[in-house]
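Engineer: This is the structure I have questions about; it appears just below.
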Amino acid sequence: MEWITVPEKGFTLREVRTLTNRNVNLSEELEKSVSAILEKVRDGGDAAIRELTKKFDGVELSDFRVTEEEMQEALAQVTPEFLEVLKEAKANIETFHKEQVRKSWTKNFRDGVELGEQFLPIQRVGVYVPGGRAAYPSTVLMDTVPALVAGCPSVAMTTPPGKDGKVNPNILAAAYVAGVKEIYKVGGAQGIAMLAYGTESVEPVFKIVGPGNAFVAMAKRLVFGTVGIDMIAGPSEVCCVADANADPTWIAADLLSQAEHDPRAAVFLITPDADFGKKVEAEMERQMKELSRYEIIKSSVDDYAKAFLCKDAAQCFDIVNKIAPEHLEVELPDPKQYLPLIYNAGAIFLGKYTSEPLGDYMAGPNHTLPTSGTAAFSSPLGVYDFVKHSSVEIYNKEAFQKISKKVQIFAKAEGLTAHAHAMEVRDED
């Protein structure tokens with residue numbers, strides 16, 4: 001872990017970005033490779049999907065939609081205990097996300113003028129569920145339940161097949177619990193292309209959500225405009241603000257819980273106490289050797305772990321807001337008092353018992369979060385990502401007559417005489 005002492009005057013945003021060195025790593029070479037895949041699927045449809053799945057996944061598929069038989073086979077393989085956990089998690093996620101639902105509204109703003117907004121679910125959305133280093137049934141729930149709460153009538157999910165040509169049973173069990181009926185065994189950039197452009201057997205979607213590797217991230221970036229996307233997700237990251245009142249064993253465990261996601265996952269400790277920080281570092285070294293994903297964790301910690309030594313809590317949260325972490329844990333005494341100081345974080349976990357994995361699985365708020373500093377301007381996935389809204393404007397005759405001349409003046413000032421004419425013909429009525 002690299003130690004960084006924050007100077008008295010603090011760091012600028014530019015300096016923090018340089019020190020933390022986070023990016024999604026979407027190179028020109030990657031863009032060229034992904035562009036070729038997208039073009040192949042757009043032009044070749046189902047045949048291209050089969051060819052690319054054989055090339056990248058080593059699997060030959062005649063039909064890449066998951067059948068009811070495959071779903072039942074998967075359900076028979078998962079334990080009843082896990083199925084019950086999935087159901088409880090789904091209920092928690094659903095309950096939380098129902099609070100995000102917006103209702104359409106109109107009201108009278110002026111005499112004869114009624115204005116408002118109409119909120120409607122996106123009619124067809126695509127959800128990408130990664131399946132590379134690990135299978136993520138939690139992502140199935142987090143990315144599909146809000147779409148169904150929003151009322152999206154059509155939700156298509158795609159995920160990479162295993163070497164046996166089947167989807168991980170835990171993934172299918174989560175889809176079953178969520179209520180997703182349309183599932184495809186297509187991963188990578190070709191999966192994104194299938195959702196964006198459609199094929200002979202798959203209708204295109206209007207928006208794609210869900211995390212993935214660099215190929216998936218690049219594909220989402222390139223199809224944006226043809227479809228909407230939620231975000232360009234980078235490697236996972238966690239930031240802990242803690243002092244000697246916290247347990248270094250617990251803090252170390254929380255930091256390592258994110259490091260195991262990816263060799264490029266970022267781990268940040270921010271503390272005003274150097275001795276405490278060194279205890280956390282020693283605990284990380286001890287604990288990682290006992291964990292099954294040791295090599296991934298070690299790469300993350302060696303290359304992307306940073307410890308910021310600050311003079312006080314105010315300086316700690318100044319660094320937090322400049323990092324804008326995906327996950328933020330605050331383990332200081334009376335942590336809720338610091339909430340007003342936090343401007344930039346994807347998900348905030350307050351208190352020593354609010355460990356970050358709670359948010360990954362069971363708490364209810366979404367775990368698909370902005371990474372790489374994008375929490376400074378974007379938000380967790382939610383119902384609002386599956387809804388669009390239209391403005392509603394209603395003028396009666398009297399209200400029109402009061403405003404018509406002013407609209408004409410405005411239009412003519414912009415040189416748009418046809419706009420003015422549209423008002424004039426009604427004045428002449």
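Just remember, in the structure tokens the first chain shown is A, the second B, etc., residues are 1-based per chain, and ligands are 1-based in the order shown.
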Could you list, as a ChimeraX atom specification, every residue within 12 Å of A:Phe377, counting only C-alpha atoms and ignoring same-chain residues fewer than 3 positions away?
Structural biologist: /A:231,321-322,324-326,343-346,369-374,380
Engineer: Hey, can you spit out that residue selection with N, CA and C atoms as a tab-separated table (two decimals), in the first residue's frame?
Structural biologist:
chain	number	residue	atom	x	y	z
A	231	MET	N	-24.02	3.63	-17.69
A	231	MET	CA	-22.72	4.21	-17.36
A	231	MET	C	-21.63	3.36	-18.01
A	321	ASN	N	-14.15	13.60	-1.29
A	321	ASN	CA	-14.94	14.25	-2.34
A	321	ASN	C	-14.16	14.41	-3.63
A	322	LYS	N	-12.84	14.46	-3.55
A	322	LYS	CA	-12.03	14.55	-4.76
A	322	LYS	C	-11.79	13.17	-5.38
A	324	ALA	N	-14.14	10.80	-5.07
A	324	ALA	CA	-15.51	10.42	-5.49
A	324	ALA	C	-15.61	8.90	-5.65
A	325	PRO	N	-15.45	8.16	-4.54
A	325	PRO	CA	-15.37	6.71	-4.63
A	325	PRO	C	-16.70	6.05	-4.93
A	326	GLU	N	-16.62	4.85	-5.47
A	326	GLU	CA	-17.80	4.03	-5.72
A	326	GLU	C	-18.46	3.65	-4.40
A	343	TYR	N	-20.07	14.87	-0.45
A	343	TYR	CA	-20.73	15.31	-1.68
A	343	TYR	C	-20.63	14.27	-2.79
A	344	ASN	N	-19.53	13.55	-2.82
A	344	ASN	CA	-19.26	12.68	-3.95
A	344	ASN	C	-18.95	11.25	-3.50
A	345	ALA	N	-19.94	10.38	-3.62
A	345	ALA	CA	-19.75	8.95	-3.34
A	345	ALA	C	-20.93	8.21	-3.93
A	346	GLY	N	-20.66	7.02	-4.46
A	346	GLY	CA	-21.74	6.23	-5.05
A	346	GLY	C	-22.68	5.69	-3.99
A	369	LEU	N	-22.91	0.95	-9.35
A	369	LEU	CA	-22.54	2.28	-8.89
A	369	LEU	C	-21.53	2.94	-9.81
A	370	PRO	N	-21.48	4.27	-9.79
A	370	PRO	CA	-20.48	4.98	-10.60
A	370	PRO	C	-19.07	4.75	-10.07
A	371	THR	N	-18.13	4.50	-10.97
A	371	THR	CA	-16.74	4.23	-10.61
A	371	THR	C	-15.82	5.29	-11.20
A	372	SER	N	-14.53	5.16	-10.88
A	372	SER	CA	-13.48	5.99	-11.49
A	372	SER	C	-13.71	7.49	-11.31
A	373	GLY	N	-14.31	7.88	-10.20
A	373	GLY	CA	-14.55	9.29	-9.94
A	373	GLY	C	-15.82	9.84	-10.51
A	374	THR	N	-16.58	9.02	-11.23
A	374	THR	CA	-17.81	9.53	-11.87
A	374	THR	C	-18.94	9.74	-10.86
A	380	PRO	N	-26.13	5.99	-8.42
A	380	PRO	CA	-26.35	4.55	-8.53
A	380	PRO	C	-27.48	4.24	-9.51
Engineer: Please run DSSP on the backbone and report, as a ChimeraX atom specification, all residues within stretch 158-295 of chain A that come out as alpha helix (DSSP H).
Structural biologist: /A:169-178,188-197,214-223,248-259,274-288,294-295
Engineer: Assign secondary structure with DSSP using the backbone only, and return the residues of stretch 215-426 of chain A in strand (DSSP E or B) as a PyMOL selection string.
Structural biologist: chain A and resi 224+227-229+237-242+266-271+305-309+327-331+347-350+387-395
Engineer: Under the rule that only C-alpha atoms are counted, which of A:Leu291, A:Leu141, A:Leu38, A:Ala147 is the nearest residue to A:Ala91?
Structural biologist: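 So, comparing all the options, the nearest one is A:Leu141.
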Engineer: Restricting the calculation to only C-alpha atoms, which member of A:Asn366, A:Gln408, A:Thr354, A:Gln118 is positioned closest to A:Val145?
Structural biologist: A:Asn366
Engineer: Neighbours of A:Tyr184 within 7 Å (only C-alpha atoms; same-chain residues fewer than 4 positions away dropped), as number ranges by chain?
Structural biologist: A: 64-66, 157-159
Engineer: Selected residues, all heavy atoms, written as an mmCIF file, in the first residue's frame, please.
Structural biologist:
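Output (selection_10.cif):
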data_model
loop_
_atom_site.group_PDB
_atom_site.id
_atom_site.type_symbol
_atom_site.label_atom_id
_atom_site.label_comp_id
_atom_site.auth_asym_id
_atom_site.auth_seq_id
_atom_site.Cartn_x
_atom_site.Cartn_y
_atom_site.Cartn_z
ATOM 1 N N PHE A 64 -29.420 -19.581 -28.837
ATOM 2 C CA PHE A 64 -28.769 -18.959 -27.686
ATOM 3 C C PHE A 64 -29.743 -18.354 -26.688
ATOM 4 O O PHE A 64 -29.348 -17.627 -25.779
ATOM 5 C CB PHE A 64 -27.735 -17.910 -28.129
ATOM 6 C CG PHE A 64 -28.108 -17.110 -29.337
ATOM 7 C CD1 PHE A 64 -28.851 -15.944 -29.206
ATOM 8 C CD2 PHE A 64 -27.705 -17.510 -30.600
ATOM 9 C CE1 PHE A 64 -29.178 -15.188 -30.314
ATOM 10 C CE2 PHE A 64 -28.052 -16.765 -31.708
ATOM 11 C CZ PHE A 64 -28.784 -15.608 -31.582
ATOM 12 N N ARG A 65 -31.033 -18.651 -26.808
ATOM 13 C CA ARG A 65 -31.980 -18.239 -25.778
ATOM 14 C C ARG A 65 -32.132 -19.365 -24.757
ATOM 15 O O ARG A 65 -32.252 -20.538 -25.114
ATOM 16 C CB ARG A 65 -33.342 -17.893 -26.380
ATOM 17 C CG ARG A 65 -34.350 -17.432 -25.333
ATOM 18 C CD ARG A 65 -35.539 -16.732 -25.930
ATOM 19 N NE ARG A 65 -36.478 -16.329 -24.895
ATOM 20 C CZ ARG A 65 -37.522 -15.526 -25.102
ATOM 21 N NH1 ARG A 65 -37.762 -15.052 -26.323
ATOM 22 N NH2 ARG A 65 -38.319 -15.204 -24.111
ATOM 23 N N VAL A 66 -32.110 -19.005 -23.475
ATOM 24 C CA VAL A 66 -32.281 -19.991 -22.411
ATOM 25 C C VAL A 66 -33.706 -20.539 -22.453
ATOM 26 O O VAL A 66 -34.677 -19.778 -22.499
ATOM 27 C CB VAL A 66 -31.986 -19.361 -21.037
ATOM 28 C CG1 VAL A 66 -32.340 -20.328 -19.906
ATOM 29 C CG2 VAL A 66 -30.515 -18.953 -20.948
ATOM 30 N N MET A 157 -32.243 -10.138 -20.834
ATOM 31 C CA MET A 157 -30.984 -10.281 -20.104
ATOM 32 C C MET A 157 -30.034 -11.155 -20.907
ATOM 33 O O MET A 157 -30.457 -12.140 -21.525
ATOM 34 C CB MET A 157 -31.261 -10.927 -18.747
ATOM 35 C CG MET A 157 -30.061 -10.997 -17.821
ATOM 36 S SD MET A 157 -30.480 -11.884 -16.299
ATOM 37 C CE MET A 157 -29.631 -13.431 -16.600
ATOM 38 N N THR A 158 -28.761 -10.789 -20.909
ATOM 39 C CA THR A 158 -27.778 -11.638 -21.579
ATOM 40 C C THR A 158 -26.557 -11.793 -20.699
ATOM 41 O O THR A 158 -26.178 -10.883 -19.951
ATOM 42 C CB THR A 158 -27.405 -11.087 -22.970
ATOM 43 O OG1 THR A 158 -26.734 -12.096 -23.713
ATOM 44 C CG2 THR A 158 -26.529 -9.845 -22.883
ATOM 45 N N THR A 159 -25.923 -12.964 -20.772
ATOM 46 C CA THR A 159 -24.775 -13.283 -19.934
ATOM 47 C C THR A 159 -23.941 -14.344 -20.642
ATOM 48 O O THR A 159 -24.491 -15.140 -21.416
ATOM 49 C CB THR A 159 -25.244 -13.772 -18.549
ATOM 50 O OG1 THR A 159 -24.133 -13.858 -17.660
ATOM 51 C CG2 THR A 159 -25.952 -15.115 -18.634
#
Engineer: Atom CA of A:Asp243 and atom CA of A:Asp312, how far apart in Å?
Structural biologist: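 Between atom CA of A:Asp312 and atom CA of A:Asp243 the gap is 10.0 Å.
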Engineer: For stretch 195-202 of chain A, please output as a ChimeraX atom specification all residues within 10 Å (counting only C-alpha atoms; exclusion window: fewer than 3 positions along the same chain).
Structural biologist: /A:38-39,41-49,63-65,125-128,156-158,182,184,186,190-192,205-208,219-220,223-228
Engineer: Calculated over only C-alpha atoms, which of the candidates A:Val241, A:Val407, A:Ala413, A:Met71 has the smallest distance to A:Pro333?
Structural biologist: A:Val241
Engineer: One decimal, Å: what's the distance from atom CA of A:Leu341 over to atom CA of A:Ala314, could you say?
Structural biologist: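 These two atoms are separated by 7.9 Å.
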Engineer: If you count only C-alpha atoms, which residues fall within 9 Å of A:Glu94, apart from same-chain ones fewer than 5 positions away, as an mmCIF file with all heavy atoms, in the first residue's frame?
Structural biologist:
data_model
loop_
_atom_site.group_PDB
_atom_site.id
_atom_site.type_symbol
_atom_site.label_atom_id
_atom_site.label_comp_id
_atom_site.auth_asym_id
_atom_site.auth_seq_id
_atom_site.Cartn_x
_atom_site.Cartn_y
_atom_site.Cartn_z
ATOM 1 N N ALA A 89 -33.402 -11.059 -0.661
ATOM 2 C CA ALA A 89 -32.664 -9.948 -1.273
ATOM 3 C C ALA A 89 -33.532 -9.220 -2.288
ATOM 4 O O ALA A 89 -33.566 -7.981 -2.327
ATOM 5 C CB ALA A 89 -31.396 -10.469 -1.938
ATOM 6 N N VAL A 145 -34.529 -5.901 -11.147
ATOM 7 C CA VAL A 145 -35.646 -5.540 -10.261
ATOM 8 C C VAL A 145 -36.067 -4.080 -10.436
ATOM 9 O O VAL A 145 -37.267 -3.790 -10.555
ATOM 10 C CB VAL A 145 -35.314 -5.873 -8.788
ATOM 11 C CG1 VAL A 145 -36.384 -5.298 -7.853
ATOM 12 C CG2 VAL A 145 -35.211 -7.383 -8.599
ATOM 13 N N PRO A 146 -35.129 -3.104 -10.492
ATOM 14 C CA PRO A 146 -35.564 -1.721 -10.712
ATOM 15 C C PRO A 146 -36.300 -1.528 -12.039
ATOM 16 O O PRO A 146 -37.227 -0.715 -12.131
ATOM 17 C CB PRO A 146 -34.255 -0.924 -10.698
ATOM 18 C CG PRO A 146 -33.319 -1.751 -9.907
ATOM 19 C CD PRO A 146 -33.677 -3.169 -10.228
ATOM 20 N N LEU A 148 -38.212 -3.741 -13.496
ATOM 21 C CA LEU A 148 -39.555 -4.279 -13.322
ATOM 22 C C LEU A 148 -40.385 -3.393 -12.395
ATOM 23 O O LEU A 148 -41.589 -3.211 -12.612
ATOM 24 C CB LEU A 148 -39.459 -5.708 -12.782
ATOM 25 C CG LEU A 148 -38.760 -6.685 -13.743
ATOM 26 C CD1 LEU A 148 -38.457 -8.012 -13.065
ATOM 27 C CD2 LEU A 148 -39.606 -6.912 -14.998
ATOM 28 N N VAL A 149 -39.749 -2.797 -11.378
ATOM 29 C CA VAL A 149 -40.452 -1.826 -10.520
ATOM 30 C C VAL A 149 -40.881 -0.617 -11.336
ATOM 31 O O VAL A 149 -41.974 -0.076 -11.144
ATOM 32 C CB VAL A 149 -39.554 -1.399 -9.341
ATOM 33 C CG1 VAL A 149 -40.160 -0.201 -8.600
ATOM 34 C CG2 VAL A 149 -39.345 -2.562 -8.371
ATOM 35 N N GLY A 364 -30.597 -3.456 0.021
ATOM 36 C CA GLY A 364 -31.704 -2.955 -0.791
ATOM 37 C C GLY A 364 -31.314 -1.888 -1.797
ATOM 38 O O GLY A 364 -31.744 -1.937 -2.944
#
Engineer: Mind pulling up the distance from atom CA of A:Lys352 to atom CA of A:Val280?
Structural biologist: 14.5 Å
Engineer: Point out the residue among A:Cys152, A:Ala347, A:Ala418, A:Leu86 with the least atom-to-atom distance to A:Tyr136, counting only C-alpha atoms.
Structural biologist: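 The shortest atom-to-atom distance to A:Tyr136 comes from A:Leu86.
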